[in-house]
Amino acid sequence: MTEAGAAHELVDRLFREESGRSVATLIRVLGDFDLAEEAVQEAFTRALEVWPVQGLPRNPGAWITTTARNAAIDRIRRAKRLVEKTEELRRDVEADSTGGGASGVEMTGTDGIDDRLRLIFTCCHPALAPEAQVALTLRTLGGLTTPEIARAFLVPEVTLAQRLVRAKRKIRDARIPYRVPPAELLPERLDAVLRVLYLVFNEGYSATAGDALIRRELSAEAIRLARIVVELMPDEPEGLGLLALMLLHDARREARTGAAGELVLLEDQDRTRWDRVAIDEGQGLLDRALRLGRPGAYQVQAAIAALHDAAAQAGDTDWREIAALYGRLVQLAPSPVVELNRAVAIAMADGPEAGLTRLDALAGDERLATYPYFQSARADLLRRLGRRAAAADAYRAALALTSNDVERAFLARRLAEVERSARPN
Amino acid sequence: MRYLVLIYDEDTANPSPEPPDPAVWAQVMGDYNAYSKMLRDRGAYVAGEALQPVTTATTVRIRDGHTMTTDGPFAETKEALGGFYMIEAKDLDEALELGAACPGARFGSIEVRPILDLPPA
């Protein structure tokens with residue numbers, strides 16, 4: 001790579017990490033999402049010119065925020081808005097800079113609340129459509145570009161751009177307040193934030209279709225944002241639980257795909273390739289969460305992941321405990337998918353027949369009709385019971401429902417196996 | 001900022017042929033009076049009215065120079081508009097808080113929409 005190319009990449013990476021904070025502060029200071037984003041964009045252009053020549057600033061985040069703020073003020077002046085508006089802004093910005101340390105612009109409001117918290121709660125406001133919440137969070141706090149987000153969610157770029165425009169417009173026109181919600185609203189609003197992060201992580205982890213690299217970026221981004229939430233709200237057990245859950249799952253990433261990019265089941269994974277540091281961190285966070293004594297769905301899911309990660313070999317897995325935890329999860333967050341996972345755990349603990357009975361009891365639920373894992377779970381149990389023809393039917397049904405190339409390859413292999421052994425010699 | 005709080009419910013869309021139970025009616029009126037008072041006490045009340053049943057509605061449209069007048073609301077919907085309030089709130093969260101406190105929220109749907117403030121002519 002050329003020197004210019006390397007410099008561009010470095011600036012790019014630093015901006016990715018630091019710009020969310022700047023955008024968050026500028027939205028508060030400027031009172032406008034678009035103006036804040038454009039200002040940070042201008043700062044990025046400036047950085048590309050200046051940093052390779054003058055060297056990296058000691059505090060890149062502060063540099064970005066100050067440069068962007070000045071760019072915004074220039075822009076407003078240039079747009080010949082009312083003189084009073086510029087004065088008002090300058091007053092606000094100067095008021096914020098008293099005590100602002102090296103940055104000149106305080107990264108928190110006068111109440112000391114980190115602007116990133118304001119931003120994430122605003123992006124995840126219930127008045128915004130769920131897809132918009134995800135897109136806006138990734139764009140403003142995550143610093144992902146519109147094309148990156150569009151690719152990740154398999155949505156045309158134009159559609160995603162429109163989604164972002166509409167969301168920002170709604171925030172402005174309906175006057176969604178830029179703040180951390182008050183105590184009485186906080187539990188439900190925090191739920192929404194965690195739900196968005198969980199969705200992003202899952203999108204990156206399970207890969208419904210397509211590009212493996214984008215997936216990895218999404219999971220990493222979800223973890224990074226979850227870390228911010230935990231850092232800013234250290235006594236929220238479900239926040240801790242969610243971060244733990246993400247780390248405990250992500251720890252297995254390297255072992256999940258084989259040399260040819262094929263899917264490797266949990267029971268077949270090379271556990272030496274699991275990231276033990278991530279597992280330890282996840283376990284530590286889970287312990288911290290549980291000590292707070294307010295159980296919740298993410299904590300339970302993290303506990304299940306921790307049990308898997310604790311087993312040195314697949315045969316050491318404590319399936320009975322996992323089944324019990326799924327039973328707990330059914331109470332906290334009932335869903336046919338949770339019931340499905342519980343049935344699979346019971347099959348592991350008590351044998352395939354027990355699991356299959358439970359699965360067949362779920363067959364009537366139409367929400368599972370389009371869920372490929374229901375069919376693939378049935379197929380697996382039928383295969384283990386030697387009911388090969390029925391297993392083949394179920395594998396075929398699963399294949400019809402999944403669009404992920406890696407998973408399709410796996411199911412096709414299994415189908416071929418059962419068809420081979422079902423054929424009379 | 002002003003918001004409109006629109007009260008939609010199924011009873012308005014599909015009123016029962018029986019006259020309302022006086023006790024139930026008194027309860028509903030009491031709830032709405034309390035709500036209006038709460039809004040006024042907070043300085044949030046701008047306006048508020050109940051509408052007569054949807055059977056009293058008439059819709060008028062002009063297309064290609066022809067005036068079309070039809071019996072009924074603009075569209076047949078599962079829930080229909082039964083009344084409204086106009087409130088003053090500092091932001092959407094406050095408007096939603098006030099909208100949620102409306103008695104209609106418990107069995108109908110409350111739409112909260114900001115008023116478009118146009119510059120004076």
# chains A, B, ... in the order shown; residues from 1 in each chain; ligands from 1
$ interface_residues --of "chain B" --to "chain A" --cutoff "10 Å" --atoms "only C-alpha atoms" --output "JSON, numbers by chain"
{"B": [1, 2, 3, 89, 90, 91, 92, 93, 94, 95, 96, 112, 113, 114, 115, 116]}
$ residues_around --residues "Leu186 of chain A" --least-positions-apart "3" --cutoff "12 Å" --atoms "only C-alpha atoms" --output "list in words"
Leu117, Phe121, Cys124, His125, Arg179, Val180, Pro181, Pro182, Ala183, Arg189, Leu190, Asp191, Ala192, Val193, Leu194, Met233 and Glu236 of chain A
$ write_last_selection --atoms "C-alpha atoms" --output "PDB file, in the first residue's frame"
ATOM      1  CA  LEU A 117     -25.464   8.128  26.029  1.00  0.00           C
ATOM      2  CA  PHE A 121     -31.024   6.777  23.608  1.00  0.00           C
ATOM      3  CA  CYS A 124     -33.272   4.118  19.870  1.00  0.00           C
ATOM      4  CA  HIS A 125     -36.322   6.230  20.720  1.00  0.00           C
ATOM      5  CA  ARG A 179     -31.328  13.326  26.325  1.00  0.00           C
ATOM      6  CA  VAL A 180     -30.956  10.307  28.544  1.00  0.00           C
ATOM      7  CA  PRO A 181     -34.539   9.493  29.539  1.00  0.00           C
ATOM      8  CA  PRO A 182     -35.654  10.275  33.085  1.00  0.00           C
ATOM      9  CA  ALA A 183     -35.722   7.491  35.657  1.00  0.00           C
ATOM     10  CA  ARG A 189     -35.796   2.821  26.899  1.00  0.00           C
ATOM     11  CA  LEU A 190     -32.711   0.894  27.960  1.00  0.00           C
ATOM     12  CA  ASP A 191     -34.503  -2.244  26.743  1.00  0.00           C
ATOM     13  CA  ALA A 192     -34.798  -0.638  23.319  1.00  0.00           C
ATOM     14  CA  VAL A 193     -31.092   0.250  23.245  1.00  0.00           C
ATOM     15  CA  LEU A 194     -30.059  -3.259  24.255  1.00  0.00           C
ATOM     16  CA  MET A 233     -24.203   2.532  32.968  1.00  0.00           C
ATOM     17  CA  GLU A 236     -27.391  -2.093  34.734  1.00  0.00           C
TER      18      GLU A 236
END
$ select_by_dssp --residues "segment 311-376 of chain A" --states "alpha helix (DSSP H)" --output "ChimeraX atom specification"
/A:319-332,336-350,352-362,372-376
$ residues_around --residues "Ala43 of chain A" --least-positions-apart "5" --cutoff "6 Å" --atoms "only C-alpha atoms" --output "PyMOL selection string"
chain A and resi 64+67-68
$ closest_residue --among "A:Gly20, A:Thr66, A:Leu263, A:Leu26" --to "Ile228 of chain A" --atoms "only C-alpha atoms"
A:Gly20
$ residues_around --residues "segment 338-349 of chain A" --least-positions-apart "5" --cutoff "12 Å" --atoms "only C-alpha atoms" --output "short mmCIF file (atom, residue, chain, number, x, y, z; two decimals) with N, CA and C atoms, in the first residue's frame"
data_model
loop_
_atom_site.label_atom_id
_atom_site.label_comp_id
_atom_site.auth_asym_id
_atom_site.auth_seq_id
_atom_site.Cartn_x
_atom_site.Cartn_y
_atom_site.Cartn_z
N GLU A 267 -20.55 -28.84 18.46
CA GLU A 267 -20.01 -30.09 18.98
C GLU A 267 -18.73 -30.52 18.26
N ALA A 297 -33.21 -11.67 30.80
CA ALA A 297 -33.03 -12.58 29.65
C ALA A 297 -31.60 -12.60 29.13
N VAL A 300 -29.39 -14.65 31.44
CA VAL A 300 -29.62 -16.09 31.30
C VAL A 300 -28.95 -16.62 30.03
N GLN A 301 -29.11 -15.88 28.95
CA GLN A 301 -28.48 -16.32 27.70
C GLN A 301 -26.96 -16.33 27.83
N ILE A 304 -25.94 -19.44 29.64
CA ILE A 304 -25.96 -20.62 28.76
C ILE A 304 -24.69 -20.66 27.92
N HIS A 308 -21.44 -23.49 27.77
CA HIS A 308 -20.83 -24.08 26.58
C HIS A 308 -19.34 -23.82 26.56
N ALA A 314 -16.83 -31.13 23.90
CA ALA A 314 -18.29 -31.15 23.73
C ALA A 314 -18.94 -32.10 24.72
N GLY A 315 -18.30 -33.25 24.97
CA GLY A 315 -18.87 -34.24 25.87
C GLY A 315 -18.97 -33.78 27.31
N ASP A 316 -18.21 -32.72 27.67
CA ASP A 316 -18.24 -32.23 29.05
C ASP A 316 -19.37 -31.24 29.31
N THR A 317 -20.11 -30.90 28.25
CA THR A 317 -21.13 -29.85 28.39
C THR A 317 -22.22 -30.25 29.37
N ASP A 318 -22.55 -29.32 30.25
CA ASP A 318 -23.59 -29.58 31.24
C ASP A 318 -24.96 -29.28 30.63
N TRP A 319 -25.47 -30.22 29.85
CA TRP A 319 -26.71 -30.01 29.12
C TRP A 319 -27.93 -29.89 30.03
N ARG A 320 -27.86 -30.60 31.15
CA ARG A 320 -29.01 -30.55 32.06
C ARG A 320 -29.18 -29.13 32.60
N GLU A 321 -28.06 -28.53 32.97
CA GLU A 321 -28.10 -27.16 33.49
C GLU A 321 -28.55 -26.20 32.38
N ILE A 322 -28.06 -26.44 31.18
CA ILE A 322 -28.45 -25.59 30.05
C ILE A 322 -29.95 -25.70 29.80
N ALA A 323 -30.47 -26.93 29.86
CA ALA A 323 -31.91 -27.11 29.65
C ALA A 323 -32.69 -26.36 30.72
N ALA A 324 -32.19 -26.43 31.96
CA ALA A 324 -32.86 -25.71 33.05
C ALA A 324 -32.84 -24.21 32.80
N LEU A 325 -31.70 -23.72 32.32
CA LEU A 325 -31.60 -22.28 32.03
C LEU A 325 -32.56 -21.87 30.92
N TYR A 326 -32.70 -22.72 29.90
CA TYR A 326 -33.67 -22.41 28.85
C TYR A 326 -35.09 -22.37 29.42
N GLY A 327 -35.32 -23.25 30.40
CA GLY A 327 -36.62 -23.22 31.07
C GLY A 327 -36.84 -21.86 31.73
N ARG A 328 -35.80 -21.33 32.34
CA ARG A 328 -35.86 -20.01 32.98
C ARG A 328 -36.10 -18.93 31.92
N LEU A 329 -35.40 -19.09 30.78
CA LEU A 329 -35.51 -18.10 29.71
C LEU A 329 -36.92 -18.08 29.13
N VAL A 330 -37.54 -19.26 29.07
CA VAL A 330 -38.92 -19.34 28.58
C VAL A 330 -39.84 -18.47 29.43
N GLN A 331 -39.56 -18.41 30.72
CA GLN A 331 -40.38 -17.57 31.60
C GLN A 331 -40.09 -16.09 31.38
N LEU A 332 -38.81 -15.74 31.20
CA LEU A 332 -38.43 -14.32 31.09
C LEU A 332 -38.73 -13.75 29.72
N ALA A 333 -38.49 -14.56 28.69
CA ALA A 333 -38.66 -14.05 27.32
C ALA A 333 -39.24 -15.15 26.45
N ALA A 354 -36.76 -37.77 23.62
CA ALA A 354 -37.34 -36.76 24.51
C ALA A 354 -37.40 -35.40 23.81
N GLY A 355 -36.31 -35.07 23.11
CA GLY A 355 -36.26 -33.81 22.40
C GLY A 355 -37.28 -33.74 21.28
N LEU A 356 -37.40 -34.85 20.55
CA LEU A 356 -38.30 -34.88 19.40
C LEU A 356 -39.76 -34.71 19.82
N THR A 357 -40.09 -35.33 20.96
CA THR A 357 -41.45 -35.17 21.48
C THR A 357 -41.76 -33.71 21.71
N ARG A 358 -40.82 -33.02 22.33
CA ARG A 358 -41.00 -31.58 22.59
C ARG A 358 -41.11 -30.79 21.29
N LEU A 359 -40.25 -31.13 20.33
CA LEU A 359 -40.25 -30.41 19.05
C LEU A 359 -41.57 -30.60 18.32
N ASP A 360 -42.06 -31.85 18.31
CA ASP A 360 -43.32 -32.11 17.61
C ASP A 360 -44.47 -31.35 18.26
N ALA A 361 -44.37 -31.14 19.58
CA ALA A 361 -45.40 -30.35 20.26
C ALA A 361 -45.39 -28.91 19.78
N LEU A 362 -44.25 -28.44 19.29
CA LEU A 362 -44.14 -27.06 18.82
C LEU A 362 -44.54 -26.91 17.36
N ALA A 363 -44.69 -28.06 16.67
CA ALA A 363 -44.89 -28.02 15.21
C ALA A 363 -46.05 -27.15 14.78
N ASP A 365 -46.90 -24.29 15.88
CA ASP A 365 -46.67 -22.84 15.96
C ASP A 365 -46.23 -22.30 14.61
N ARG A 367 -45.16 -19.55 13.73
CA ARG A 367 -43.96 -18.69 13.70
C ARG A 367 -42.72 -19.51 13.39
N LEU A 368 -42.80 -20.83 13.66
CA LEU A 368 -41.64 -21.68 13.38
C LEU A 368 -41.66 -22.20 11.94
N TYR A 371 -38.88 -20.87 10.04
CA TYR A 371 -37.61 -20.82 10.76
C TYR A 371 -36.80 -22.07 10.44
N PRO A 372 -35.74 -21.92 9.67
CA PRO A 372 -35.03 -23.11 9.20
C PRO A 372 -34.47 -23.99 10.31
N TYR A 373 -34.10 -23.39 11.43
CA TYR A 373 -33.49 -24.18 12.50
C TYR A 373 -34.45 -25.16 13.13
N PHE A 374 -35.75 -24.88 13.02
CA PHE A 374 -36.73 -25.84 13.54
C PHE A 374 -36.61 -27.13 12.74
N GLN A 375 -36.60 -26.99 11.43
CA GLN A 375 -36.51 -28.17 10.58
C GLN A 375 -35.16 -28.85 10.72
N SER A 376 -34.10 -28.06 10.80
CA SER A 376 -32.78 -28.70 10.89
C SER A 376 -32.59 -29.39 12.24
N ALA A 377 -33.21 -28.85 13.29
CA ALA A 377 -33.14 -29.51 14.60
C ALA A 377 -33.90 -30.84 14.55
N ARG A 378 -35.09 -30.81 13.96
CA ARG A 378 -35.87 -32.06 13.81
C ARG A 378 -35.06 -33.06 12.99
N ALA A 379 -34.50 -32.56 11.90
CA ALA A 379 -33.74 -33.45 11.02
C ALA A 379 -32.62 -34.13 11.78
N ASP A 380 -31.92 -33.35 12.60
CA ASP A 380 -30.79 -33.89 13.34
C ASP A 380 -31.23 -34.99 14.31
N LEU A 381 -32.33 -34.73 15.03
CA LEU A 381 -32.81 -35.73 15.99
C LEU A 381 -33.29 -36.98 15.27
N LEU A 382 -34.00 -36.81 14.17
CA LEU A 382 -34.48 -37.95 13.40
C LEU A 382 -33.30 -38.78 12.88
N ARG A 384 -30.37 -39.01 14.26
CA ARG A 384 -29.75 -39.73 15.37
C ARG A 384 -30.60 -40.92 15.81
N LEU A 385 -31.90 -40.84 15.53
CA LEU A 385 -32.77 -41.97 15.86
C LEU A 385 -32.79 -43.01 14.75
#
$ residues_around --residues "Ala13 of chain B" --least-positions-apart "2" --cutoff "10 Å" --atoms "only C-alpha atoms" --output "list in words"
Tyr8, Asp9, Glu10, Asp11, Pro15, Ser16, Pro53, Val54, Thr55, Pro73, Glu76, Thr77, Lys78, Glu79, Ala80, Leu81 and Gly82 of chain B
$ decode --residues "segment 1-14 of chain B" --atoms "C-alpha atoms" --output "PDB file, in the first residue's frame"
ATOM      1  CA  MET B   1     -44.661  23.178  20.635  1.00  0.00           C
ATOM      2  CA  ARG B   2     -48.245  22.213  19.843  1.00  0.00           C
ATOM      3  CA  TYR B   3     -49.327  18.648  19.162  1.00  0.00           C
ATOM      4  CA  LEU B   4     -52.633  17.138  18.150  1.00  0.00           C
ATOM      5  CA  VAL B   5     -53.753  14.168  20.228  1.00  0.00           C
ATOM      6  CA  LEU B   6     -56.170  12.168  18.047  1.00  0.00           C
ATOM      7  CA  ILE B   7     -58.381   9.610  19.740  1.00  0.00           C
ATOM      8  CA  TYR B   8     -59.287   6.560  17.643  1.00  0.00           C
ATOM      9  CA  ASP B   9     -61.292   3.575  18.797  1.00  0.00           C
ATOM     10  CA  GLU B  10     -63.378   0.676  17.571  1.00  0.00           C
ATOM     11  CA  ASP B  11     -66.537   1.784  19.354  1.00  0.00           C
ATOM     12  CA  THR B  12     -66.535   4.967  17.312  1.00  0.00           C
ATOM     13  CA  ALA B  13     -65.995   3.023  14.086  1.00  0.00           C
ATOM     14  CA  ASN B  14     -68.626   0.460  14.958  1.00  0.00           C
TER      15      ASN B  14
END
